[in-house]
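S.K.: Sending over a structure as structure tokens; questions will come in a sec.
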Amino acid sequence: MKKFAVILSGCGVFDGAEIHEATLTMLAIKKQGAEYEIFAPDIPQHHVINHITGEEMNEIRNVLVESARIARGNIKDLKEYNPSDFDALIFPGGFGAAKNLCDFAFKGPDCTINDDVVNAIQKTAEQHKPIGALCISPVFMAKIFRDVEVTIGQDAGTAEAIEKMGATHKQTDHGEVIVDEKNLVFTTPCYMLDANILQIAKGASNIVEAMMERM
């Protein structure tokens with residue numbers, strides 16, 4: 001049975017992993033006959049946001065501990081990820097991807113990516129296994145791979161930043177998946193577009209299906 005590693009960045013759209021994208025990705029994996037294991041880096045969150053007011057809170061939280069809320073406690077430190085144990089790697093989105101797993105939210109094209117995230121992506125690529133990225137997570141691929149084709153949907157500013165990092169951005173609509181065959185990188189826009197939960201489910205299902213076809 002095929003197995004995905006799902007990498008989370010906290011819990012909640014404004015400061016962690018986007019919960020709909022994360023959950024629907026896991027559902028898509030199971031519905032298509034595969035298994036998954038969940039990972040997150042054991043690092044502090046950049047900040048904590050009140051999801052009602054949008055205001056920053058005077059708290060310190062941990063990305064692994066917060067991600068464990070979505071994983072129902074069944075989660076591992078990303079340092080333990082071994083690509084030999086999996087057939088694919090996938091990153092749901094959410095601002096945590098751009099604030100905790102990297103600092104793209106603050107530095108744009110000049111961003112740096114968490115070492116454990118870089119290591120996971122590069123080692124998976126070395127084994128020629130599919131790597132998926134939803135929503136804002138394709139910025140990792142733009143930073144790490146040379147001449148990779150990705151999508152974040154239709155946001156002009158983010159697309160411009162991706163192109164400045166040396167990648168090619170493809171404009172897409174709901175549920176569309178861009179496949180970079182050279183690097184086996186799969187991307188879909190999800191909540192980078194004005195989307196509802198049905199459209200997120202379609203995007204998650206489509207990207208998982210496309211990745212499984214290349215396993």
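Just so we're on the same page: first chain in the structure tokens is A, next is B, and so on; residues restart at 1 for each chain, and ligands are numbered from 1 in the order they show up.
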For range 155-168 of chain A, find every residue with an atom within 7 Å (counting only C-alpha atoms), except residues of its own chain fewer than 6 positions away, and show them as a PDB file with C-alpha atoms, in the first residue's frame.

M.R.:
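This went into selection_38.pdb:
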```
ATOM      1  CA  GLY A 108       9.101  37.209   0.026  1.00  0.00           C
ATOM      2  CA  PRO A 109      11.663  36.014  -2.555  1.00  0.00           C
ATOM      3  CA  VAL A 139       6.917  28.727  -2.474  1.00  0.00           C
ATOM      4  CA  ALA A 142      10.249  27.658  -6.031  1.00  0.00           C
ATOM      5  CA  LYS A 143      13.056  28.294  -3.557  1.00  0.00           C
ATOM      6  CA  ARG A 146      15.713  25.264 -10.209  1.00  0.00           C
ATOM      7  CA  ASP A 147      13.324  26.039 -13.083  1.00  0.00           C
ATOM      8  CA  VAL A 148      10.358  24.323 -11.435  1.00  0.00           C
ATOM      9  CA  GLU A 149       6.776  24.964 -12.632  1.00  0.00           C
TER      10      GLU A 149
END
```

S.K.: So that I can check the secondary structure, give me every residue of range 119-215 of chain A assigned strand (DSSP E or B) by backbone DSSP, as an NGL selection string.

M.R.: :A and (131-134 or 149-153 or 168-171 or 178-180 or 185-188)

S.K.: Would you save the residues of that selection, restricted to N, CA and C atoms, as an mmCIF file, in the first residue's frame?

M.R.:
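Writing the result to out_32.cif gives the following:
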```cif
data_model
loop_
_atom_site.group_PDB
_atom_site.id
_atom_site.type_symbol
_atom_site.label_atom_id
_atom_site.label_comp_id
_atom_site.auth_asym_id
_atom_site.auth_seq_id
_atom_site.Cartn_x
_atom_site.Cartn_y
_atom_site.Cartn_z
ATOM 1 N N ILE A 131 6.347 15.012 -4.806
ATOM 2 C CA ILE A 131 6.238 15.994 -3.735
ATOM 3 C C ILE A 131 5.077 16.920 -4.070
ATOM 4 N N GLY A 132 4.111 17.036 -3.161
ATOM 5 C CA GLY A 132 2.934 17.862 -3.396
ATOM 6 C C GLY A 132 2.907 19.078 -2.487
ATOM 7 N N ALA A 133 2.316 20.172 -2.982
ATOM 8 C CA ALA A 133 2.215 21.400 -2.200
ATOM 9 C C ALA A 133 0.905 22.103 -2.527
ATOM 10 N N LEU A 134 0.146 22.407 -1.496
ATOM 11 C CA LEU A 134 -1.144 23.078 -1.640
ATOM 12 C C LEU A 134 -1.025 24.536 -1.198
ATOM 13 N N GLU A 149 8.076 24.366 -12.305
ATOM 14 C CA GLU A 149 6.776 24.964 -12.632
ATOM 15 C C GLU A 149 5.819 24.690 -11.479
ATOM 16 N N VAL A 150 5.193 25.759 -10.967
ATOM 17 C CA VAL A 150 4.265 25.636 -9.844
ATOM 18 C C VAL A 150 3.075 26.560 -10.052
ATOM 19 N N THR A 151 2.073 26.418 -9.170
ATOM 20 C CA THR A 151 0.944 27.346 -9.162
ATOM 21 C C THR A 151 0.554 27.689 -7.734
ATOM 22 N N ILE A 152 0.138 28.938 -7.551
ATOM 23 C CA ILE A 152 -0.548 29.332 -6.320
ATOM 24 C C ILE A 152 -1.905 29.934 -6.699
ATOM 25 N N GLY A 153 -2.321 29.710 -7.941
ATOM 26 C CA GLY A 153 -3.616 30.200 -8.394
ATOM 27 C C GLY A 153 -3.499 31.420 -9.276
ATOM 28 N N THR A 168 8.758 29.036 -12.572
ATOM 29 C CA THR A 168 7.737 29.466 -13.521
ATOM 30 C C THR A 168 6.382 29.287 -12.873
ATOM 31 N N HIS A 169 5.587 30.360 -12.850
ATOM 32 C CA HIS A 169 4.252 30.263 -12.262
ATOM 33 C C HIS A 169 3.216 30.049 -13.355
ATOM 34 N N LYS A 170 2.312 29.095 -13.127
ATOM 35 C CA LYS A 170 1.205 28.818 -14.032
ATOM 36 C C LYS A 170 -0.105 29.222 -13.367
ATOM 37 N N GLN A 171 -0.867 30.072 -14.021
ATOM 38 C CA GLN A 171 -2.147 30.498 -13.455
ATOM 39 C C GLN A 171 -3.158 29.362 -13.529
ATOM 40 N N ILE A 178 -0.846 21.591 -11.274
ATOM 41 C CA ILE A 178 0.305 21.743 -12.159
ATOM 42 C C ILE A 178 1.332 20.676 -11.794
ATOM 43 N N VAL A 179 1.779 19.933 -12.788
ATOM 44 C CA VAL A 179 2.749 18.861 -12.576
ATOM 45 C C VAL A 179 4.061 19.240 -13.248
ATOM 46 N N ASP A 180 5.107 19.357 -12.466
ATOM 47 C CA ASP A 180 6.447 19.530 -13.008
ATOM 48 C C ASP A 180 7.075 18.142 -13.119
ATOM 49 N N VAL A 185 7.117 17.492 -8.973
ATOM 50 C CA VAL A 185 6.496 18.436 -8.041
ATOM 51 C C VAL A 185 5.068 18.716 -8.506
ATOM 52 N N PHE A 186 4.114 18.621 -7.582
ATOM 53 C CA PHE A 186 2.689 18.764 -7.867
ATOM 54 C C PHE A 186 2.146 19.909 -7.007
ATOM 55 N N THR A 187 1.452 20.856 -7.625
ATOM 56 C CA THR A 187 0.926 21.996 -6.872
ATOM 57 C C THR A 187 -0.511 22.312 -7.282
ATOM 58 N N THR A 188 -1.286 22.823 -6.320
ATOM 59 C CA THR A 188 -2.677 23.208 -6.562
ATOM 60 C C THR A 188 -3.023 24.376 -5.643
#
```

S.K.: Of the residues A:Met215, A:Ala97, A:Met26, A:Met141, which is the one nearest to Val118 in chain A, using only C-alpha atoms?

M.R.: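 Nearest to Val118 in chain A: A:Met141.
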
S.K.: Per DSSP on the backbone, filter range 24-208 of chain A down to the residues in helix (DSSP H, G or I) and report them as a short mmCIF file (atom, residue, chain, number, x, y, z; two decimals) with C-alpha atoms, in the first residue's frame.

M.R.:
```
data_model
loop_
_atom_site.label_atom_id
_atom_site.label_comp_id
_atom_site.auth_asym_id
_atom_site.auth_seq_id
_atom_site.Cartn_x
_atom_site.Cartn_y
_atom_site.Cartn_z
CA LEU A 24 -9.16 16.93 3.28
CA THR A 25 -5.69 15.91 2.08
CA MET A 26 -5.68 13.08 4.63
CA LEU A 27 -9.20 12.09 3.57
CA ALA A 28 -8.21 12.10 -0.11
CA ILE A 29 -5.23 9.87 0.64
CA LYS A 30 -7.38 7.32 2.45
CA LYS A 31 -10.21 7.43 -0.11
CA VAL A 63 4.51 23.94 15.81
CA LEU A 64 4.74 20.21 16.59
CA VAL A 65 2.44 20.46 19.61
CA GLU A 66 -0.13 22.53 17.72
CA SER A 67 0.01 20.24 14.67
CA ALA A 68 -0.71 17.33 16.99
CA ARG A 69 -4.23 18.76 17.42
CA ILE A 70 -4.97 17.94 13.77
CA ALA A 71 -3.09 14.65 13.97
CA LEU A 78 10.02 16.14 11.07
CA LYS A 79 13.63 15.29 11.93
CA GLU A 80 12.50 11.63 12.04
CA PRO A 83 11.88 9.19 2.56
CA SER A 84 12.74 5.52 2.15
CA ASP A 85 9.70 4.73 4.31
CA PHE A 95 -0.02 30.93 6.85
CA GLY A 96 2.01 28.58 9.06
CA ALA A 97 3.68 27.29 5.91
CA ALA A 98 4.82 30.85 5.13
CA LYS A 99 5.53 31.90 8.73
CA PHE A 104 8.12 33.95 2.94
CA ALA A 105 5.29 35.91 4.61
CA PHE A 106 7.86 38.45 5.78
CA LYS A 107 10.73 38.30 3.29
CA GLY A 108 9.10 37.21 0.03
CA PRO A 109 11.66 36.01 -2.55
CA ASP A 110 14.50 36.52 -0.03
CA ASP A 115 16.37 23.18 7.57
CA ASP A 116 14.21 20.12 8.31
CA VAL A 117 11.79 21.11 5.54
CA VAL A 118 14.65 21.58 3.07
CA ASN A 119 16.15 18.25 4.09
CA ALA A 120 12.83 16.41 3.69
CA ILE A 121 12.19 17.86 0.24
CA GLN A 122 15.71 17.35 -1.08
CA LYS A 123 16.00 13.77 0.18
CA THR A 124 12.60 12.89 -1.28
CA ALA A 125 13.61 14.42 -4.61
CA GLU A 126 16.83 12.41 -4.60
CA PRO A 138 4.58 25.88 -3.51
CA VAL A 139 6.92 28.73 -2.47
CA PHE A 140 9.13 26.00 -0.92
CA MET A 141 9.44 24.36 -4.32
CA ALA A 142 10.25 27.66 -6.03
CA LYS A 143 13.06 28.29 -3.56
CA ILE A 144 14.55 24.80 -3.54
CA ALA A 156 -0.20 38.40 -8.98
CA GLY A 157 2.06 39.47 -6.12
CA THR A 158 2.82 35.94 -4.96
CA ALA A 159 3.27 34.75 -8.55
CA GLU A 160 5.77 37.56 -9.14
CA ALA A 161 7.71 36.57 -6.02
CA ILE A 162 7.80 32.96 -7.20
CA GLU A 163 9.16 34.02 -10.58
CA LYS A 164 11.86 36.11 -8.84
CA CYS A 190 -6.77 25.69 -2.78
CA TYR A 191 -7.36 28.68 -0.45
CA MET A 192 -4.98 30.93 -2.39
CA ILE A 197 -14.75 23.65 1.26
CA LEU A 198 -16.05 21.65 -1.71
CA GLN A 199 -13.47 23.29 -3.96
CA ILE A 200 -10.75 22.54 -1.41
CA ALA A 201 -11.85 18.90 -1.34
CA LYS A 202 -11.62 18.78 -5.14
CA GLY A 203 -8.12 20.25 -5.13
CA ALA A 204 -6.91 17.86 -2.44
CA SER A 205 -8.41 14.87 -4.25
CA ASN A 206 -6.98 15.90 -7.61
CA ILE A 207 -3.44 16.46 -6.36
CA VAL A 208 -3.37 13.17 -4.44
#
```

S.K.: Counting only C-alpha atoms, which residue out of A:Glu181, A:Asp103, A:Glu209, A:Glu37 sits closest to Phe86 in chain A?

M.R.: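 Distance minimum relative to Phe86 in chain A lands on A:Glu37.
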
S.K.: Measuring between only C-alpha atoms, which one of A:His174, A:Ala40, A:Glu213, A:Met57 shows the shortest distance to Ala195 in chain A?

M.R.: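 For Ala195 in chain A, the nearest of the given residues is A:His174.
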
S.K.: I'd like the interatomic distance between CA of Ala34 in chain A and CA of Leu89 in chain A, to a tenth of an Å.

M.R.: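 These two atoms are separated by 12.6 Å.
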
S.K.: Provide the CA of Thr172 in chain A to CA of Gly16 in chain A distance in Å, to one decimal place.

M.R.: 24.1 Å

S.K.: Which of these residues is nearest to Gly10 in chain A, using only C-alpha atoms: A:Gly175, A:Gly94, A:Glu56, A:Gln32?

M.R.: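 So, comparing all the options, the nearest one is A:Gly94.
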
S.K.: Rounded to one decimal in Å, what is the spacing between CA of Phe4 in chain A and CA of Arg61 in chain A?

M.R.: 26.3 Å

S.K.: Counting only C-alpha atoms, figure out which residue out of A:Gly12, A:Ile38, A:Asn58, A:Ile7 gets nearest to Arg72 in chain A.

M.R.: A:Ile38
